[in-house]
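Student: Encoded as structure tokens, here's the structure I'll be asking about.
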Amino acid sequence: MSNRKGRKRPAEVDPQPILTSKLLIISRNAGSVTPEVEARLHKAFADHLIIDFDPKDDFRKLLTPRAQVVVAGGDGTIGFVSRALIDTNHTLGILSLGTYNNFAKGLGLPASLAGAIRVMKTGVLHKITVGKVGGTSFLEAAAVGMFGAAIELGEAIKDRHFGEFGQKLGVVTGAKPFRYEITGDLQGHGMAMSLVFANTPSIGAAMPVAGANPLDTYLELAVHAGASRHDIISRLLTGRMTNPRERPLEMGFRFRKITVTTKPKVEVYADNQKVGTTPMEISAQLGALNILLPKKAPPPAGRPSRAFGS
């Protein structure tokens with residue numbers, strides 16, 4: 001269309017967003033986000049730009065190059081925001097308000113909202129490890145086989161997706177053992193119902209698996225996690241390991257990069273997401289995420305573990 005002088009009107013463009021160096025993302029769907037909690041967050045972070053969590057909207061377009069991002073929500077929201085900030089110069093702060101809070105617990109963050117807010121104000125920057133399986137990053141664990149299906153089942157129960165319950169339960173109860181071979185930093189082979197490669201002490205529906213935590217510079221193969229169908233279902237239903245008198249002490253093996261092959265091919269999961277089938281490379285991404293932690297937070301105590309090559 002032309003104006004009266006015959007000149008074309010300039011194309012309309014969307015205005016550039018105003019960039020912020022402090023952003024707070026709130027997930028209203030998180031289990032502990034009530035109107036009272038939301039009011040406390042708005043008051044504590046009055047100097048932040050505050051937005052609702054929307055996975056369809058790329059919040060990174062709002063950030064200056066070294067902005068601080070605080071996320072208030074459950075494991076799903078925290079995982080989404082964290083993965084978006086991997087290998088960037090942004091700093092992440094976590095206010096864990098979900099049901100299980102595996103990642104926050106693995107980092108030793110306070111369980112109380114007041115304590116978590118205090119860390120956001122006075123905490124120290126740490127570069128932490130995340131995992132990668134294939135091309136997908138994970139915060140908690142990668143799982144091969146039945147344990148990954150059990151994580152999916154636990155998520156369906158938590159989110160009350162009861163229409164999916166029967167199908168997912170069938171996958172767990174119908175899983176079969178497979179032959180595996182591990183190469184790289186670790187060498188091994190055998191038969192298993194599942195293999196779990198952990199970055200946090202618990203995963204999924206608060207299922208305990210390993211002694212690893214994201215402050216370490218490696219991931220951990222949890223040897224006894226998923227050793228049997230009974231063990232996996234027990235961890236899912238009770239949130240505890242089976243009676244230690246019934247089997248050996250939990251033991252893990254540390255590594256930075258391995259490749260897993262199986263016969264037959266088996267489903268592989270990154271946290272609660274299917275990412276493909278074996279063979280698959282699993283690696284530790286050292287210092288991949290900048291995160292605020294308590295000044296005097298020691299790494300969470302883990303169970304005995306062996307360094308790769310030992």
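By order of appearance in the structure tokens: chains A, B, ..., then residues from 1 within every chain, and ligands from 1 in the order shown.
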If you run DSSP over the backbone, which residues in range 19-236 of chain A end up helix (DSSP H, G or I)? Put them as an MDAnalysis selection string.

Tutor: chainID A and resid 35:44 59:62 75:84 102:106 113:122 146:158 162:173 229:236

Student: Any idea what's packed within 10 Å of Val260 in chain A, counting only C-alpha atoms, ignoring anything in its chain fewer than 5 positions away? Could you give it as a ChimeraX atom specification?

Tutor: /A:144,180-184,187-189,195,278-282

Student: Could you check the closest approach to Asp87 in chain A for each of A:Leu19, A:Ile128, A:Gly123, A:Ile117 and tell me which residue wins, using only C-alpha atoms?

Tutor: A:Ile128

Student: Between A:Gly287, A:Pro201, A:Pro110, A:Gly252, single out the one closest to Thr217 in chain A, counting only C-alpha atoms.

Tutor: A:Gly287

Student: Report, in Å with one decimal, the straight-line distance from CA of Ser202 in chain A to CA of Lys56 in chain A.

Tutor: 28.4 Å

Student: Smallest atom-to-atom distance to Pro214 in chain A: which of A:Thr88, A:Thr200, A:Thr262, A:Ser137, using only C-alpha atoms?

Tutor: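 Comparing A:Thr88, A:Thr200, A:Thr262, A:Ser137 against Pro214 in chain A, the winner is A:Thr200.
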
Student: Write out as a list in words each polymer residue whose atoms come within 12 Å of His42 in chain A, counting only C-alpha atoms; drop sequence neighbours fewer than 6 positions from it.

Tutor: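 My reading of the contact set: Leu23, Leu24, Ile25, Ile26, Pro35, Glu36, His48, Leu49, Ile50, Ile51, Asp52, Ala72 and Ile117 of chain A.
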
Student: Go ahead and dump the residues you just picked, all heavy atoms, as an mmCIF file, in the first residue's frame.

Tutor:
```cif
data_model
loop_
_atom_site.group_PDB
_atom_site.id
_atom_site.type_symbol
_atom_site.label_atom_id
_atom_site.label_comp_id
_atom_site.auth_asym_id
_atom_site.auth_seq_id
_atom_site.Cartn_x
_atom_site.Cartn_y
_atom_site.Cartn_z
ATOM 1 N N LEU A 23 15.804 -11.355 36.408
ATOM 2 C CA LEU A 23 14.527 -11.910 35.992
ATOM 3 C C LEU A 23 14.061 -12.964 36.987
ATOM 4 O O LEU A 23 14.838 -13.825 37.404
ATOM 5 C CB LEU A 23 14.661 -12.557 34.607
ATOM 6 C CG LEU A 23 13.404 -13.224 34.026
ATOM 7 C CD1 LEU A 23 12.336 -12.191 33.701
ATOM 8 C CD2 LEU A 23 13.755 -14.036 32.784
ATOM 9 N N LEU A 24 12.792 -12.909 37.368
ATOM 10 C CA LEU A 24 12.166 -13.943 38.194
ATOM 11 C C LEU A 24 11.070 -14.612 37.374
ATOM 12 O O LEU A 24 10.178 -13.941 36.843
ATOM 13 C CB LEU A 24 11.560 -13.343 39.465
ATOM 14 C CG LEU A 24 10.686 -14.285 40.311
ATOM 15 C CD1 LEU A 24 11.506 -15.444 40.865
ATOM 16 C CD2 LEU A 24 9.994 -13.522 41.442
ATOM 17 N N ILE A 25 11.165 -15.957 37.266
ATOM 18 C CA ILE A 25 10.157 -16.747 36.548
ATOM 19 C C ILE A 25 9.383 -17.558 37.576
ATOM 20 O O ILE A 25 9.973 -18.309 38.354
ATOM 21 C CB ILE A 25 10.824 -17.693 35.535
ATOM 22 C CG1 ILE A 25 11.663 -16.898 34.531
ATOM 23 C CG2 ILE A 25 9.775 -18.519 34.813
ATOM 24 C CD1 ILE A 25 12.500 -17.779 33.619
ATOM 25 N N ILE A 26 8.049 -17.422 37.586
ATOM 26 C CA ILE A 26 7.206 -18.117 38.549
ATOM 27 C C ILE A 26 6.300 -19.096 37.823
ATOM 28 O O ILE A 26 5.628 -18.737 36.857
ATOM 29 C CB ILE A 26 6.342 -17.139 39.365
ATOM 30 C CG1 ILE A 26 7.213 -16.127 40.122
ATOM 31 C CG2 ILE A 26 5.454 -17.900 40.355
ATOM 32 C CD1 ILE A 26 6.416 -15.060 40.859
ATOM 33 N N PRO A 35 -1.248 -18.026 46.518
ATOM 34 C CA PRO A 35 -1.254 -16.559 46.437
ATOM 35 C C PRO A 35 -0.343 -15.916 47.481
ATOM 36 O O PRO A 35 0.297 -14.888 47.211
ATOM 37 C CB PRO A 35 -2.723 -16.207 46.677
ATOM 38 C CG PRO A 35 -3.477 -17.391 46.169
ATOM 39 C CD PRO A 35 -2.627 -18.575 46.526
ATOM 40 N N GLU A 36 -0.282 -16.513 48.681
ATOM 41 C CA GLU A 36 0.588 -15.960 49.724
ATOM 42 C C GLU A 36 2.058 -16.083 49.337
ATOM 43 O O GLU A 36 2.835 -15.136 49.527
ATOM 44 C CB GLU A 36 0.337 -16.689 51.047
ATOM 45 C CG GLU A 36 -1.036 -16.443 51.673
ATOM 46 C CD GLU A 36 -2.161 -17.202 50.981
ATOM 47 O OE1 GLU A 36 -1.866 -18.157 50.228
ATOM 48 O OE2 GLU A 36 -3.328 -16.828 51.172
ATOM 49 N N HIS A 48 13.317 -7.184 40.377
ATOM 50 C CA HIS A 48 13.407 -8.074 39.229
ATOM 51 C C HIS A 48 12.230 -7.851 38.275
ATOM 52 O O HIS A 48 11.135 -7.466 38.705
ATOM 53 C CB HIS A 48 13.356 -9.542 39.677
ATOM 54 C CG HIS A 48 14.611 -10.037 40.312
ATOM 55 N ND1 HIS A 48 15.213 -9.404 41.381
ATOM 56 C CD2 HIS A 48 15.384 -11.125 40.033
ATOM 57 C CE1 HIS A 48 16.302 -10.085 41.739
ATOM 58 N NE2 HIS A 48 16.422 -11.125 40.935
ATOM 59 N N LEU A 49 12.447 -8.115 37.009
ATOM 60 C CA LEU A 49 11.336 -8.288 36.090
ATOM 61 C C LEU A 49 10.706 -9.649 36.409
ATOM 62 O O LEU A 49 11.415 -10.656 36.484
ATOM 63 C CB LEU A 49 11.823 -8.262 34.639
ATOM 64 C CG LEU A 49 10.767 -8.596 33.564
ATOM 65 C CD1 LEU A 49 9.662 -7.548 33.562
ATOM 66 C CD2 LEU A 49 11.413 -8.708 32.193
ATOM 67 N N ILE A 50 9.403 -9.702 36.610
ATOM 68 C CA ILE A 50 8.732 -10.923 37.029
ATOM 69 C C ILE A 50 7.774 -11.376 35.930
ATOM 70 O O ILE A 50 6.936 -10.594 35.462
ATOM 71 C CB ILE A 50 7.967 -10.714 38.351
ATOM 72 C CG1 ILE A 50 8.941 -10.269 39.460
ATOM 73 C CG2 ILE A 50 7.241 -11.990 38.767
ATOM 74 C CD1 ILE A 50 8.259 -9.919 40.774
ATOM 75 N N ILE A 51 7.914 -12.631 35.507
ATOM 76 C CA ILE A 51 7.051 -13.179 34.460
ATOM 77 C C ILE A 51 6.533 -14.552 34.888
ATOM 78 O O ILE A 51 7.121 -15.220 35.738
ATOM 79 C CB ILE A 51 7.791 -13.306 33.108
ATOM 80 C CG1 ILE A 51 8.950 -14.310 33.208
ATOM 81 C CG2 ILE A 51 8.283 -11.947 32.629
ATOM 82 C CD1 ILE A 51 9.616 -14.614 31.872
ATOM 83 N N ASP A 52 5.429 -14.968 34.276
ATOM 84 C CA ASP A 52 4.916 -16.318 34.475
ATOM 85 C C ASP A 52 5.682 -17.288 33.583
ATOM 86 O O ASP A 52 6.085 -16.940 32.463
ATOM 87 C CB ASP A 52 3.428 -16.391 34.144
ATOM 88 C CG ASP A 52 2.562 -15.650 35.148
ATOM 89 O OD1 ASP A 52 2.999 -15.497 36.305
ATOM 90 O OD2 ASP A 52 1.455 -15.223 34.773
ATOM 91 N N ALA A 72 11.166 -20.016 40.219
ATOM 92 C CA ALA A 72 10.371 -20.528 41.335
ATOM 93 C C ALA A 72 9.359 -21.508 40.774
ATOM 94 O O ALA A 72 8.435 -21.119 40.050
ATOM 95 C CB ALA A 72 9.666 -19.384 42.063
ATOM 96 N N ILE A 117 15.253 -17.978 49.516
ATOM 97 C CA ILE A 117 15.339 -16.561 49.140
ATOM 98 C C ILE A 117 16.640 -15.954 49.661
ATOM 99 O O ILE A 117 17.310 -15.170 48.965
ATOM 100 C CB ILE A 117 14.113 -15.792 49.674
ATOM 101 C CG1 ILE A 117 12.853 -16.219 48.920
ATOM 102 C CG2 ILE A 117 14.332 -14.286 49.556
ATOM 103 C CD1 ILE A 117 11.572 -15.622 49.466
#
```

Student: Looking at A:Ser194, A:Pro264, A:Gly106, A:Thr136, which one is nearest to Ala210 in chain A, with distances taken over only C-alpha atoms?

Tutor: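 Checking each candidate against Ala210 in chain A, we get A:Gly106 as the closest.
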
Student: Counting only C-alpha atoms, figure out which residue out of A:Thr20, A:Lys132, A:Tyr100, A:Leu107 gets nearest to Pro65 in chain A.

Tutor: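 Under the stated criterion, the closest residue is A:Thr20.
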
Student: For CA of Ser112 in chain A and CA of Leu62 in chain A, quote the distance in Å rounded to one decimal.

Tutor: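 Distance reported for this atom pair: 28.7 Å.
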
Student: With only C-alpha atoms as the basis for distance, which of A:Gly211, A:Gly115, A:Gly145, A:Gly73 is at the shortest distance from Ala30 in chain A?

Tutor: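 Among the listed residues, the smallest separation from Ala30 in chain A belongs to A:Gly73.
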
Student: How many Å lie between CA of Phe80 in chain A and CA of Gln16 in chain A, rounded to one decimal?

Tutor: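 Interatomic distance here is 24.3 Å.
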
Student: What's the 9 Å shell around Asp216 in chain A, counting only C-alpha atoms, without same-chain residues fewer than 4 positions away, as a list in words?

Tutor: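 What passes the distance filter is Ile128, Thr129, Asn199, Ala212, Leu286 and Pro299 of chain A.
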
Student: Using N, CA and C atoms, can you export the residues from the last selection as a PDB file, in the first residue's frame?

Tutor:
```
ATOM      1  N   ILE A 128      28.461 -25.886  38.027  1.00  0.00           N
ATOM      2  CA  ILE A 128      28.112 -27.268  38.356  1.00  0.00           C
ATOM      3  C   ILE A 128      28.065 -28.140  37.105  1.00  0.00           C
ATOM      4  N   THR A 129      28.027 -29.447  37.364  1.00  0.00           N
ATOM      5  CA  THR A 129      27.995 -30.443  36.303  1.00  0.00           C
ATOM      6  C   THR A 129      26.559 -30.802  35.935  1.00  0.00           C
ATOM      7  N   ASN A 199      23.295 -37.932  38.361  1.00  0.00           N
ATOM      8  CA  ASN A 199      23.928 -36.656  38.702  1.00  0.00           C
ATOM      9  C   ASN A 199      23.413 -36.126  40.031  1.00  0.00           C
ATOM     10  N   ALA A 212      25.982 -39.451  43.909  1.00  0.00           N
ATOM     11  CA  ALA A 212      26.464 -38.327  43.108  1.00  0.00           C
ATOM     12  C   ALA A 212      25.729 -37.048  43.464  1.00  0.00           C
ATOM     13  N   LEU A 286      31.120 -30.554  32.413  1.00  0.00           N
ATOM     14  CA  LEU A 286      31.682 -29.904  33.595  1.00  0.00           C
ATOM     15  C   LEU A 286      31.483 -28.391  33.520  1.00  0.00           C
ATOM     16  N   PRO A 299      29.114 -30.265  49.977  1.00  0.00           N
ATOM     17  CA  PRO A 299      28.431 -31.202  49.084  1.00  0.00           C
ATOM     18  C   PRO A 299      27.657 -32.228  49.892  1.00  0.00           C
TER      19      PRO A 299
END
```
